[in-house]
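Colleague: The structure that follows is given in the form of structure tokens.
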Amino acid sequence: MAVNAQIPIIDISVDGADQVDVARRLVDAAAEHGFIYIRNTGQDISADRIQRAFELARTLFASPVEDKQRCSIQKNNQGWSGMHSETLDPKSQRVGDFKEAFNFGSFKDGRATQPVPASMDAHQEELAAFRNACHTLCRKLLLLFGIGLEVSPPDFFTSAHNPDAESGTILRFLRYPPPTETPDAQADDVRAGAHSDYGSVTLLFRIPGQAGLEVLTPSNTWAPVPVTPQGTENDPSPPILVNIGDLLSYWTNGLLRSTVHRVSFSPGQAATGESSVDPRYTLVFFCHPAHDTPLVPVPSERVRSFAGVSSQAKEGNPYAERKVVTAAEHLQMRLQASYADLYKDNAA
Ligand SMILES: O=C(O)CCC(=O)C(=O)O
Ligand SMILES: [Fe+2]
């Protein structure tokens, strides 16, 4: 059995805790691992709210296929993508990812600004509220990163993530079919190819008992990431898994790590007590800065003087060359690589 990934568990909501200390621990975890478990005792996003969002994901994917197709993914990265239409690791994958996804962009006055399946019509306010709660938690984390990195001013990242500004921020529902629905899958296939995320920070919600997520360790092996790490079994909800995206890694000169991960079918690789036999549902929130944010050097002595821009810290970050791009430009580069079909007219 593979050894689980060693990812720190941090509680950012303890009453009376020293925020500077919490911030430092968060930065250390992000710099060393790129992944952090945020303990969820219900203060930031309640267990009920998360469970309801999972119910909505099940309802959405059970919608008639024509209804989902009507909402097919567009170049703005919003909408439905069916099996095999996204290929997160095009260099190594024989076929596209074994998954179905629905990406929600922004909501205005509690309504989606994009077509959604009819089954979601009555639930739009609830979806908007979940998305807002995720955004608020990301901004809380970004403020702590600002404090931990001694950025001046500490709200440098937070103010670049104004929830009302146009951005690449996406709430994504995912469904990975069970092996019984994918008899054509081969031993080397993956449910989601190896990749690092594109944005600033990602929040991942999973269902206890469902295996699949693995991170690439510094020794180049795949380590499973259990949904419920030791010590959180009695919490109302498993910890929220946070990871650093390429944009924040790039922005911090590689100090905060964006770590490569994938979703495997995991026979024999699953963490104890987890399995891959059921359809797997996950909820992911990809937080991005406002489109027009220039990714200039972060005003932090610690970032500026980060000497360890080593090949390891740059892992998964294809933009080794430093040049000021906007958040929107950064996102476009990545999307074009993952959705070959959607962008094929732009090739050449
Ligand atoms: O479903 C998961 O566990 C991870 C999904 C993921 O890494 C992604 O969508 O970027
Ligand atoms: Fe990811």
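Ligands are numbered from 1 in the order shown, residues from 1 within each chain, and chains are lettered A, B, ... in the order they appear in the structure tokens.
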Using only C-alpha atoms, determine which residues lie at most 9 Å from Val263 of chain A, disregarding the query and same-chain residues fewer than 4 positions distant; provide the list as number ranges by chain.
Modeller: A: 190-194, 211-215
Colleague: For the contact check between chain A and ligand 2, emit one row per residue of chain A within 7 Å, containing the shortest atom pair and the distance in Å rounded to one decimal, counting only C-alpha atoms and all ligand atoms, chain then rising number order, as a tab-separated table.
Modeller:
residue	atom	partner	partner_atom_place_in_ligand_line	distance
A:His195	CA	ligand 2	1 (Fe)	6.4
A:Ser196	CA	ligand 2	1 (Fe)	5.8
A:Asp197	CA	ligand 2	1 (Fe)	4.8
A:His261	CA	ligand 2	1 (Fe)	6.4
A:Arg262	CA	ligand 2	1 (Fe)	7.0
Colleague: Please produce, as CSV, a per-residue contact table for segment 20-93 of chain A versus segment 265-283 of chain A (criterion: any atom at most 9 Å away, only C-alpha atoms considered), showing the nearest atom pair and its distance in Å to one decimal, sorted by chain then residue number.
Modeller:
residue,atom,partner,partner_atom,distance
A:Ile50,CA,A:Leu283,CA,8.9
A:Ala53,CA,A:Leu283,CA,8.0
A:Phe54,CA,A:Tyr281,CA,7.3
A:Ala57,CA,A:Tyr281,CA,7.5
A:Arg58,CA,A:Tyr281,CA,7.7
Colleague: Using only C-alpha atoms and all ligand atoms, which of the listed residues (A:Val225, A:Ile9, A:Leu56, A:Ile45) sits closest to ligand 1?
Modeller: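 Of the candidates, the smallest distance to ligand 1 is held by A:Val225.
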Colleague: Using DSSP on the backbone coordinates, identify all residues within segment 71-206 of chain A classified as helix (DSSP H, G or I); present the result as a ChimeraX atom specification.
Modeller: /A:118-148,156-159,179-181
Colleague: Tell me which of A:Lys108, A:Arg206, A:Arg334, A:His161 sits closest to Asp292 of chain A, counting only C-alpha atoms.
Modeller: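 Among the listed residues, the smallest separation from Asp292 of chain A belongs to A:His161.
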Colleague: Residues at most 9 Å from segment 85-101 of chain A, counting only C-alpha atoms, excluding those fewer than 3 positions away in the same chain, as a list of chain:residue names?
Modeller: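 Near segment 85-101 of chain A, the qualifying residues are A:Phe61, A:Gly79, A:Trp80, A:Ser81, A:Gly82, A:Arg172, A:Phe173, A:Leu174, A:Arg175, A:Tyr176, A:Pro177, A:Thr182, A:Ala185, A:Asp188, A:Asp189, A:Val190, A:Arg191, A:Ala192, A:Gly193, A:Ala194, A:His195, A:Ser196, A:Arg262, A:Ala337, A:Ser338, A:Tyr339, A:Ala340, A:Asp341, A:Leu342.
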Colleague: Write out as a list in words the residues lying within 12 Å of Ala133 of chain A, counting only C-alpha atoms and excluding same-chain residues fewer than 2 positions away.
Modeller: Gly42, Gln43, Asp44, Ile45, Ser46, Arg49, Ile50, Ala53, Glu126, Leu127, Ala128, Ala129, Phe130, Arg131, His135, Thr136, Leu137, Cys138, Arg139, Lys140, Pro163, Leu171, Leu203, Phe285 and Cys287 of chain A
Colleague: Using only C-alpha atoms, determine which residues lie at most 9 Å from His33 of chain A, disregarding the query and same-chain residues fewer than 4 positions distant; provide the list as an mmCIF file with all heavy atoms, in the first residue's frame.
Modeller:
data_model
loop_
_atom_site.group_PDB
_atom_site.id
_atom_site.type_symbol
_atom_site.label_atom_id
_atom_site.label_comp_id
_atom_site.auth_asym_id
_atom_site.auth_seq_id
_atom_site.Cartn_x
_atom_site.Cartn_y
_atom_site.Cartn_z
ATOM 1 N N GLN A 6 2.119 13.476 3.105
ATOM 2 C CA GLN A 6 2.265 14.150 4.401
ATOM 3 C C GLN A 6 1.856 15.602 4.235
ATOM 4 O O GLN A 6 2.634 16.413 3.741
ATOM 5 C CB GLN A 6 3.725 14.062 4.878
ATOM 6 C CG GLN A 6 4.207 12.627 5.098
ATOM 7 C CD GLN A 6 3.300 11.865 6.058
ATOM 8 O OE1 GLN A 6 3.078 12.293 7.189
ATOM 9 N NE2 GLN A 6 2.751 10.741 5.595
ATOM 10 N N ILE A 7 0.641 15.898 4.587
ATOM 11 C CA ILE A 7 0.124 17.264 4.383
ATOM 12 C C ILE A 7 -0.311 17.826 5.739
ATOM 13 O O ILE A 7 -1.096 17.179 6.448
ATOM 14 C CB ILE A 7 -1.066 17.234 3.392
ATOM 15 C CG1 ILE A 7 -0.576 16.752 2.015
ATOM 16 C CG2 ILE A 7 -1.745 18.593 3.281
ATOM 17 C CD1 ILE A 7 -1.681 16.537 1.002
ATOM 18 N N PRO A 8 0.188 19.023 6.109
ATOM 19 C CA PRO A 8 -0.186 19.571 7.422
ATOM 20 C C PRO A 8 -1.679 19.899 7.510
ATOM 21 O O PRO A 8 -2.303 20.256 6.516
ATOM 22 C CB PRO A 8 0.633 20.869 7.509
ATOM 23 C CG PRO A 8 1.643 20.792 6.416
ATOM 24 C CD PRO A 8 1.108 19.880 5.366
ATOM 25 N N ASP A 28 4.367 28.289 5.613
ATOM 26 C CA ASP A 28 5.352 27.192 5.635
ATOM 27 C C ASP A 28 4.794 25.960 4.930
ATOM 28 O O ASP A 28 5.491 25.310 4.152
ATOM 29 C CB ASP A 28 5.728 26.819 7.080
ATOM 30 C CG ASP A 28 6.598 27.889 7.728
ATOM 31 O OD1 ASP A 28 7.080 28.770 6.981
ATOM 32 O OD2 ASP A 28 6.769 27.858 8.962
ATOM 33 N N ALA A 29 3.524 25.636 5.200
ATOM 34 C CA ALA A 29 2.909 24.458 4.565
ATOM 35 C C ALA A 29 2.810 24.664 3.058
ATOM 36 O O ALA A 29 3.084 23.754 2.266
ATOM 37 C CB ALA A 29 1.529 24.208 5.162
ATOM 38 N N THR A 217 5.171 13.355 -5.105
ATOM 39 C CA THR A 217 6.065 13.704 -3.989
ATOM 40 C C THR A 217 7.410 14.180 -4.543
ATOM 41 O O THR A 217 7.721 13.936 -5.717
ATOM 42 C CB THR A 217 6.320 12.475 -3.091
ATOM 43 O OG1 THR A 217 7.067 11.526 -3.862
ATOM 44 C CG2 THR A 217 5.035 11.856 -2.612
ATOM 45 N N ASN A 243 -4.992 23.942 -2.193
ATOM 46 C CA ASN A 243 -3.684 23.872 -2.846
ATOM 47 C C ASN A 243 -3.367 25.143 -3.604
ATOM 48 O O ASN A 243 -4.255 25.908 -3.981
ATOM 49 C CB ASN A 243 -3.524 22.609 -3.708
ATOM 50 C CG ASN A 243 -4.439 22.563 -4.889
ATOM 51 O OD1 ASN A 243 -5.638 22.434 -4.748
ATOM 52 N ND2 ASN A 243 -3.870 22.687 -6.068
ATOM 53 N N LEU A 256 5.779 29.902 -2.916
ATOM 54 C CA LEU A 256 4.645 29.019 -2.644
ATOM 55 C C LEU A 256 4.595 28.012 -3.794
ATOM 56 O O LEU A 256 4.673 28.395 -4.958
ATOM 57 C CB LEU A 256 3.335 29.823 -2.547
ATOM 58 C CG LEU A 256 3.315 30.919 -1.475
ATOM 59 C CD1 LEU A 256 1.910 31.504 -1.339
ATOM 60 C CD2 LEU A 256 3.776 30.412 -0.112
ATOM 61 N N ARG A 257 4.477 26.770 -3.458
ATOM 62 C CA ARG A 257 4.592 25.691 -4.457
ATOM 63 C C ARG A 257 3.266 25.318 -5.076
ATOM 64 O O ARG A 257 2.293 25.096 -4.366
ATOM 65 C CB ARG A 257 5.045 24.419 -3.739
ATOM 66 C CG ARG A 257 6.500 24.225 -3.610
ATOM 67 C CD ARG A 257 6.697 22.865 -2.957
ATOM 68 N NE ARG A 257 6.395 21.833 -3.943
ATOM 69 C CZ ARG A 257 7.243 20.892 -4.285
ATOM 70 N NH1 ARG A 257 8.430 20.834 -3.717
ATOM 71 N NH2 ARG A 257 6.925 20.005 -5.180
ATOM 72 N N SER A 258 3.258 25.155 -6.386
ATOM 73 C CA SER A 258 2.069 24.517 -6.977
ATOM 74 C C SER A 258 2.475 23.079 -7.258
ATOM 75 O O SER A 258 3.444 22.828 -7.969
ATOM 76 C CB SER A 258 1.617 25.245 -8.239
ATOM 77 O OG SER A 258 2.540 25.097 -9.269
ATOM 78 N N THR A 259 1.775 22.173 -6.642
ATOM 79 C CA THR A 259 2.177 20.765 -6.657
ATOM 80 C C THR A 259 1.343 19.974 -7.661
ATOM 81 O O THR A 259 0.129 20.156 -7.757
ATOM 82 C CB THR A 259 2.007 20.197 -5.233
ATOM 83 O OG1 THR A 259 2.900 20.912 -4.385
ATOM 84 C CG2 THR A 259 2.337 18.717 -5.151
#
Colleague: Using DSSP secondary structure from the backbone, list all strand (DSSP E) positions within segment 203-316 of chain A, as a VMD selection string.
Modeller: chain A and resid 203 to 205 213 to 216 222 to 224 240 to 244 261 to 264 280 to 287
